[in-house]
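The structure appears below as structure tokens.
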Amino acid sequence: RTDRLFTDTMGGEKRAYDGGGGKKNKKAFYGRPKTLATIPYDAMGYIVTSDAGRERYSWRDTVRNLNDTYESIFPEEAAAAAAAQSEKVADDSKDASDKLAAELAELKESGGDEAADFARAERFKHVNLDLKACVFVRMKWEATQKINPSELVRRMLTNTRDKGEPVSRHTLRIVPVEKVCFAAVEDVVKAAKPLIDEAFPADCEEGKEKTFAVVFNSRANCTLRRSELVPEIANLVPEPHKVELNKPQLVVLVEAVKGVATVAVVKDYYGLLKYNQRLLSMNEEERQAERARCMPPAKDTEEKKDEEKKEADGEDKEETKEETKEETKEE
């Protein structure tokens, strides 16, 4: 380029200068800029993992399945929604001028709060996390007062395991979220304490104590350490209750996603295959094939093969030595 300037350096050499500080190269080197997309602190809902590139289809199916399960538990809300839809159809048949006048009158009476009500109208809402194969589905606050997110998804996945439906083609795990906090050990312990106090009462009767385990997973986060967090969470559970790592009755589930951490207390975690909807919709043979497809080859098997090969080579050498000894004796 003819418009490029040349400046002297300390060594006396000349270097081309673009005038832009190499912004293009910097962007290409450091990749795309980071975003602030994350789970809101006051949110309750679900972390949904899916096939890469199929996030949209996954959360769409999950929202539909959750709504169907919710309306099967609370049929009166489904009836109210159907009545509202019929009223909307009847309103559409009115004259345009009458509709406009009615809407203006409603806005005057409500004081302009219709926009706020409309923002919270959906029971389940998608929240973009800007992560590959992972989204967040937020549950409406009024719905959480009727049923806990953990209980709702447990019922849905139980139906998937027992009846084979509902299912989703691209959804993998559906992790409930009851508390959201900053991703630090002190904050996670503070957020988990009320949930643990409710699920594990200290004054429970004899024979009603529960077994528990603490499960920690991390996505796009390197600040929380499993070795530091798990003992602190386990210490919150009072004495009558015992640790059981194989088949616990309750699991304290902690998920670190970017700069936040989520906490939930779930039932039948291992019985529902770690809340994996895809595996629950399969039979045993299909599950084994899916696990073999997803899991990388274990190093132990390769080491075992090498050991077996060495043992076989050693046996062959011993056999050849014995044969040579016998031949020498015969001679």
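By convention in this document, the chains of the structure tokens carry letters A, B, ... by their order, each chain's residues are numbered from 1, and ligands are numbered from 1 in the order they are shown.
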Worksheet item: Can you tell me, as a ChimeraX atom specification, what residues are no more than 6 Å from stretch 259-275 of chain A when counting only C-alpha atoms, ignoring any on the same chain fewer than 6 positions away?
Response: /A:150,173-174,177-183,250-253
Filtering to all heavy atoms, could you give me those residues as a short mmCIF file (atom, residue, chain, number, x, y, z; two decimals), in the first residue's frame?
```cif
data_model
loop_
_atom_site.label_atom_id
_atom_site.label_comp_id
_atom_site.auth_asym_id
_atom_site.auth_seq_id
_atom_site.Cartn_x
_atom_site.Cartn_y
_atom_site.Cartn_z
N SER A 150 -37.70 -28.53 40.84
CA SER A 150 -37.13 -29.88 40.94
C SER A 150 -38.23 -30.94 40.90
O SER A 150 -38.08 -31.98 40.25
CB SER A 150 -36.32 -30.01 42.23
OG SER A 150 -35.27 -29.08 42.27
N ARG A 173 -29.60 -33.45 29.24
CA ARG A 173 -29.92 -33.34 30.66
C ARG A 173 -30.74 -32.09 30.93
O ARG A 173 -30.59 -31.07 30.27
CB ARG A 173 -28.64 -33.30 31.50
CG ARG A 173 -27.80 -34.55 31.42
CD ARG A 173 -26.56 -34.44 32.29
NE ARG A 173 -26.92 -34.34 33.70
CZ ARG A 173 -26.31 -33.54 34.55
NH1 ARG A 173 -25.33 -32.76 34.15
NH2 ARG A 173 -26.68 -33.51 35.82
N ILE A 174 -31.63 -32.20 31.92
CA ILE A 174 -32.44 -31.07 32.38
C ILE A 174 -32.17 -30.92 33.87
O ILE A 174 -32.66 -31.70 34.69
CB ILE A 174 -33.94 -31.29 32.11
CG1 ILE A 174 -34.17 -31.62 30.63
CG2 ILE A 174 -34.75 -30.06 32.51
CD1 ILE A 174 -35.61 -31.95 30.29
N VAL A 177 -32.88 -25.65 38.82
CA VAL A 177 -32.19 -24.55 39.50
C VAL A 177 -33.15 -23.92 40.50
O VAL A 177 -34.23 -23.46 40.12
CB VAL A 177 -31.71 -23.50 38.48
CG1 VAL A 177 -31.16 -22.27 39.21
CG2 VAL A 177 -30.68 -24.09 37.55
N GLU A 178 -32.78 -23.93 41.79
CA GLU A 178 -33.61 -23.33 42.82
C GLU A 178 -33.00 -22.06 43.40
O GLU A 178 -33.72 -21.17 43.86
CB GLU A 178 -33.85 -24.35 43.95
CG GLU A 178 -34.60 -25.59 43.48
CD GLU A 178 -34.80 -26.60 44.60
OE1 GLU A 178 -34.48 -26.28 45.76
OE2 GLU A 178 -35.24 -27.73 44.31
N LYS A 179 -31.66 -21.99 43.41
CA LYS A 179 -30.95 -20.81 43.91
C LYS A 179 -29.83 -20.47 42.94
O LYS A 179 -29.18 -21.37 42.40
CB LYS A 179 -30.38 -21.04 45.31
CG LYS A 179 -31.40 -21.20 46.42
CD LYS A 179 -31.99 -19.85 46.83
CE LYS A 179 -32.91 -20.00 48.03
NZ LYS A 179 -33.48 -18.70 48.46
N VAL A 180 -29.59 -19.17 42.77
CA VAL A 180 -28.50 -18.69 41.92
C VAL A 180 -27.68 -17.70 42.73
O VAL A 180 -28.23 -16.81 43.40
CB VAL A 180 -29.02 -18.03 40.64
CG1 VAL A 180 -27.86 -17.61 39.74
CG2 VAL A 180 -29.95 -18.95 39.88
N CYS A 181 -26.35 -17.84 42.69
CA CYS A 181 -25.47 -16.96 43.45
C CYS A 181 -24.17 -16.78 42.70
O CYS A 181 -23.94 -17.39 41.64
CB CYS A 181 -25.20 -17.53 44.85
SG CYS A 181 -24.32 -19.11 44.82
N PHE A 182 -23.32 -15.94 43.23
CA PHE A 182 -21.99 -15.74 42.66
C PHE A 182 -21.15 -17.01 42.85
O PHE A 182 -21.29 -17.72 43.85
CB PHE A 182 -21.31 -14.54 43.33
CG PHE A 182 -19.95 -14.24 42.78
CD1 PHE A 182 -19.79 -13.70 41.51
CD2 PHE A 182 -18.81 -14.49 43.54
CE1 PHE A 182 -18.54 -13.43 41.01
CE2 PHE A 182 -17.55 -14.21 43.04
CZ PHE A 182 -17.41 -13.68 41.77
N ALA A 183 -20.29 -17.28 41.88
CA ALA A 183 -19.50 -18.51 41.90
C ALA A 183 -18.31 -18.39 42.84
O ALA A 183 -17.16 -18.25 42.42
CB ALA A 183 -19.04 -18.86 40.49
N LEU A 250 -31.46 -38.12 48.44
CA LEU A 250 -31.42 -36.73 47.98
C LEU A 250 -30.01 -36.39 47.53
O LEU A 250 -29.03 -36.89 48.08
CB LEU A 250 -31.85 -35.77 49.10
CG LEU A 250 -33.29 -35.89 49.60
CD1 LEU A 250 -33.52 -34.96 50.77
CD2 LEU A 250 -34.29 -35.59 48.49
N VAL A 251 -29.93 -35.53 46.54
CA VAL A 251 -28.64 -35.06 46.02
C VAL A 251 -28.65 -33.53 46.02
O VAL A 251 -29.59 -32.91 45.51
CB VAL A 251 -28.39 -35.58 44.59
CG1 VAL A 251 -27.20 -34.85 43.95
CG2 VAL A 251 -28.11 -37.07 44.61
N VAL A 252 -27.62 -32.96 46.63
CA VAL A 252 -27.42 -31.51 46.57
C VAL A 252 -26.62 -31.23 45.30
O VAL A 252 -25.45 -31.58 45.20
CB VAL A 252 -26.68 -30.98 47.81
CG1 VAL A 252 -26.54 -29.47 47.74
CG2 VAL A 252 -27.41 -31.39 49.08
N LEU A 253 -27.29 -30.64 44.32
CA LEU A 253 -26.73 -30.47 42.99
C LEU A 253 -26.24 -29.04 42.80
O LEU A 253 -27.02 -28.09 42.88
CB LEU A 253 -27.79 -30.82 41.94
CG LEU A 253 -27.35 -31.02 40.50
CD1 LEU A 253 -26.28 -32.09 40.39
CD2 LEU A 253 -28.55 -31.39 39.64
#
```
Item to complete: Work out how far atom CA of A:Pro149 is from atom CA of A:Tyr70, in Å to one decimal.
Response: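 Interatomic distance here is 10.2 Å.
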Item to complete: Could you please determine the separation between atom CA of A:Ser58 and atom CA of A:Tyr46 in Å, to one decimal place?
Response: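 Straight-line distance from atom CA of A:Ser58 to atom CA of A:Tyr46 works out to 12.3 Å.
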Discussion item. What's around A:Arg123 at 10 Å? Count only C-alpha atoms, leave out sequence neighbours fewer than 2 positions away in its own chain, and write the answer as a list in words.
Written reply: Val63, Leu66, Asn67, Tyr70, Arg120, Ala121, Lys125, Val137, Arg138, Met139, Lys140, Trp141, Glu142, Ala143 and Thr144 of chain A
With all heavy atoms retained, write the just-selected residues as a compact mmCIF listing (two decimals), in the first residue's frame.
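selection-v8.txt written:
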```
# COMPACT_ATOMS: atom_id res chain seq x y z
N VAL A 63 -39.56 -26.64 26.78
CA VAL A 63 -40.63 -25.75 27.22
C VAL A 63 -42.00 -26.37 26.97
O VAL A 63 -42.90 -26.32 27.83
CB VAL A 63 -40.51 -24.38 26.51
CG1 VAL A 63 -41.77 -23.55 26.70
CG2 VAL A 63 -39.31 -23.62 27.06
N LEU A 66 -42.48 -29.28 29.53
CA LEU A 66 -42.71 -28.76 30.88
C LEU A 66 -44.11 -28.17 31.01
O LEU A 66 -44.78 -28.36 32.04
CB LEU A 66 -41.66 -27.72 31.23
CG LEU A 66 -40.24 -28.23 31.50
CD1 LEU A 66 -39.26 -27.07 31.59
CD2 LEU A 66 -40.20 -29.05 32.78
N ASN A 67 -44.56 -27.46 29.99
CA ASN A 67 -45.91 -26.90 30.02
C ASN A 67 -46.96 -28.00 30.07
O ASN A 67 -47.95 -27.90 30.80
CB ASN A 67 -46.13 -26.00 28.81
CG ASN A 67 -45.76 -24.55 29.06
OD1 ASN A 67 -46.09 -23.98 30.09
ND2 ASN A 67 -45.04 -23.96 28.14
N TYR A 70 -46.93 -29.45 33.57
CA TYR A 70 -47.50 -28.49 34.52
C TYR A 70 -49.02 -28.45 34.41
O TYR A 70 -49.73 -28.44 35.44
CB TYR A 70 -46.90 -27.11 34.26
CG TYR A 70 -47.35 -26.03 35.21
CD1 TYR A 70 -46.65 -25.80 36.39
CD2 TYR A 70 -48.47 -25.26 34.94
CE1 TYR A 70 -47.06 -24.82 37.28
CE2 TYR A 70 -48.89 -24.28 35.83
CZ TYR A 70 -48.18 -24.06 36.99
OH TYR A 70 -48.59 -23.09 37.87
N ARG A 120 -44.06 -10.93 31.95
CA ARG A 120 -44.05 -12.12 32.82
C ARG A 120 -45.18 -13.09 32.47
O ARG A 120 -45.55 -13.93 33.28
CB ARG A 120 -44.19 -11.69 34.28
CG ARG A 120 -43.11 -10.72 34.73
CD ARG A 120 -43.24 -10.36 36.17
NE ARG A 120 -42.94 -11.49 37.02
CZ ARG A 120 -43.02 -11.47 38.34
NH1 ARG A 120 -43.38 -10.36 38.97
NH2 ARG A 120 -42.74 -12.54 39.05
N ALA A 121 -45.74 -12.91 31.28
CA ALA A 121 -46.91 -13.72 30.91
C ALA A 121 -46.52 -15.18 30.64
O ALA A 121 -47.29 -16.08 30.94
CB ALA A 121 -47.59 -13.13 29.67
N LYS A 125 -39.48 -19.37 29.97
CA LYS A 125 -38.88 -18.44 29.03
C LYS A 125 -37.41 -18.80 28.82
O LYS A 125 -36.69 -19.12 29.76
CB LYS A 125 -39.00 -17.02 29.58
CG LYS A 125 -38.66 -15.94 28.58
CD LYS A 125 -38.93 -14.57 29.18
CE LYS A 125 -38.64 -13.46 28.19
NZ LYS A 125 -38.89 -12.12 28.77
N VAL A 137 -33.67 -22.25 30.84
CA VAL A 137 -35.11 -22.03 30.74
C VAL A 137 -35.60 -21.50 32.07
O VAL A 137 -35.53 -22.20 33.09
CB VAL A 137 -35.85 -23.33 30.36
CG1 VAL A 137 -37.36 -23.11 30.37
CG2 VAL A 137 -35.41 -23.81 28.98
N ARG A 138 -36.07 -20.27 32.07
CA ARG A 138 -36.50 -19.63 33.30
C ARG A 138 -37.98 -19.91 33.56
O ARG A 138 -38.81 -19.84 32.66
CB ARG A 138 -36.28 -18.12 33.21
CG ARG A 138 -36.60 -17.37 34.49
CD ARG A 138 -36.13 -15.93 34.41
NE ARG A 138 -36.30 -15.23 35.68
CZ ARG A 138 -35.83 -14.03 35.94
NH1 ARG A 138 -35.15 -13.38 35.00
NH2 ARG A 138 -36.02 -13.47 37.11
N MET A 139 -38.31 -20.25 34.79
CA MET A 139 -39.67 -20.56 35.20
C MET A 139 -40.32 -19.33 35.84
O MET A 139 -39.68 -18.63 36.63
CB MET A 139 -39.66 -21.73 36.20
CG MET A 139 -41.02 -22.31 36.51
SD MET A 139 -40.85 -23.81 37.55
CE MET A 139 -42.57 -24.23 37.78
N LYS A 140 -41.54 -19.08 35.47
CA LYS A 140 -42.25 -17.91 35.99
C LYS A 140 -42.39 -18.00 37.52
O LYS A 140 -42.61 -19.07 38.07
CB LYS A 140 -43.63 -17.83 35.34
CG LYS A 140 -44.39 -16.56 35.60
CD LYS A 140 -45.73 -16.60 34.87
CE LYS A 140 -46.56 -15.37 35.20
NZ LYS A 140 -47.88 -15.41 34.55
N TRP A 141 -42.25 -16.86 38.17
CA TRP A 141 -42.24 -16.84 39.63
C TRP A 141 -43.55 -17.36 40.20
O TRP A 141 -43.55 -18.11 41.18
CB TRP A 141 -42.00 -15.41 40.13
CG TRP A 141 -41.88 -15.32 41.62
CD1 TRP A 141 -40.78 -15.59 42.38
CD2 TRP A 141 -42.90 -14.94 42.54
NE1 TRP A 141 -41.05 -15.41 43.71
CE2 TRP A 141 -42.35 -15.01 43.84
CE3 TRP A 141 -44.24 -14.55 42.39
CZ2 TRP A 141 -43.08 -14.70 44.98
CZ3 TRP A 141 -44.97 -14.23 43.53
CH2 TRP A 141 -44.40 -14.31 44.80
N GLU A 142 -44.70 -16.99 39.62
CA GLU A 142 -45.98 -17.47 40.12
C GLU A 142 -46.09 -18.99 40.02
O GLU A 142 -46.68 -19.64 40.88
CB GLU A 142 -47.14 -16.82 39.36
CG GLU A 142 -47.39 -15.37 39.71
CD GLU A 142 -46.44 -14.43 38.98
OE1 GLU A 142 -45.54 -14.94 38.27
OE2 GLU A 142 -46.59 -13.20 39.14
N ALA A 143 -45.49 -19.57 38.96
CA ALA A 143 -45.53 -21.03 38.80
C ALA A 143 -44.66 -21.72 39.85
O ALA A 143 -45.01 -22.80 40.34
CB ALA A 143 -45.08 -21.41 37.40
N THR A 144 -43.54 -21.11 40.22
CA THR A 144 -42.68 -21.71 41.23
C THR A 144 -43.33 -21.74 42.61
O THR A 144 -42.94 -22.55 43.46
CB THR A 144 -41.35 -20.95 41.32
OG1 THR A 144 -41.60 -19.59 41.71
CG2 THR A 144 -40.62 -20.98 39.99
```
Worksheet item: Near A:Asp162, counting only C-alpha atoms, which residues have an atom at most 12 Å away, once you skip same-chain residues fewer than 6 positions from it, shown as a list in words?
Response: Arg155, Met156, Gly271, Leu272, Gln277, Leu280, Ser281, Met282 and Asn283 of chain A
Worksheet item: Mind pulling up the distance from atom CA of A:Tyr57 to atom CA of A:Val257?
Response: 21.1 Å
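Distances from A:Phe212, A:Val167, A:Asn221, A:Pro248 to A:Asn235 were compared using only C-alpha atoms, and the smallest one belongs to A:Phe212.
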A:Pro166 surroundings by only C-alpha atoms, 8 Å radius, close-in-sequence under 6 positions cut, as a PDB file with N, CA and C atoms, in the first residue's frame:
```pdb
ATOM      1  N   ASN A  65     -42.721 -29.619  26.754  1.00  0.00           N
ATOM      2  CA  ASN A  65     -42.914 -30.760  27.655  1.00  0.00           C
ATOM      3  C   ASN A  65     -43.174 -30.311  29.089  1.00  0.00           C
ATOM      4  N   MET A 156     -41.864 -35.103  35.256  1.00  0.00           N
ATOM      5  CA  MET A 156     -41.787 -35.220  33.800  1.00  0.00           C
ATOM      6  C   MET A 156     -40.845 -36.345  33.384  1.00  0.00           C
ATOM      7  N   LEU A 157     -39.681 -36.427  34.007  1.00  0.00           N
ATOM      8  CA  LEU A 157     -38.714 -37.465  33.656  1.00  0.00           C
ATOM      9  C   LEU A 157     -39.162 -38.846  34.121  1.00  0.00           C
ATOM     10  N   ASN A 159     -42.273 -39.815  34.019  1.00  0.00           N
ATOM     11  CA  ASN A 159     -43.172 -40.221  32.933  1.00  0.00           C
ATOM     12  C   ASN A 159     -42.384 -40.687  31.714  1.00  0.00           C
ATOM     13  N   THR A 160     -41.266 -40.023  31.443  1.00  0.00           N
ATOM     14  CA  THR A 160     -40.427 -40.443  30.311  1.00  0.00           C
ATOM     15  C   THR A 160     -39.876 -41.845  30.545  1.00  0.00           C
TER      16      THR A 160
END
```
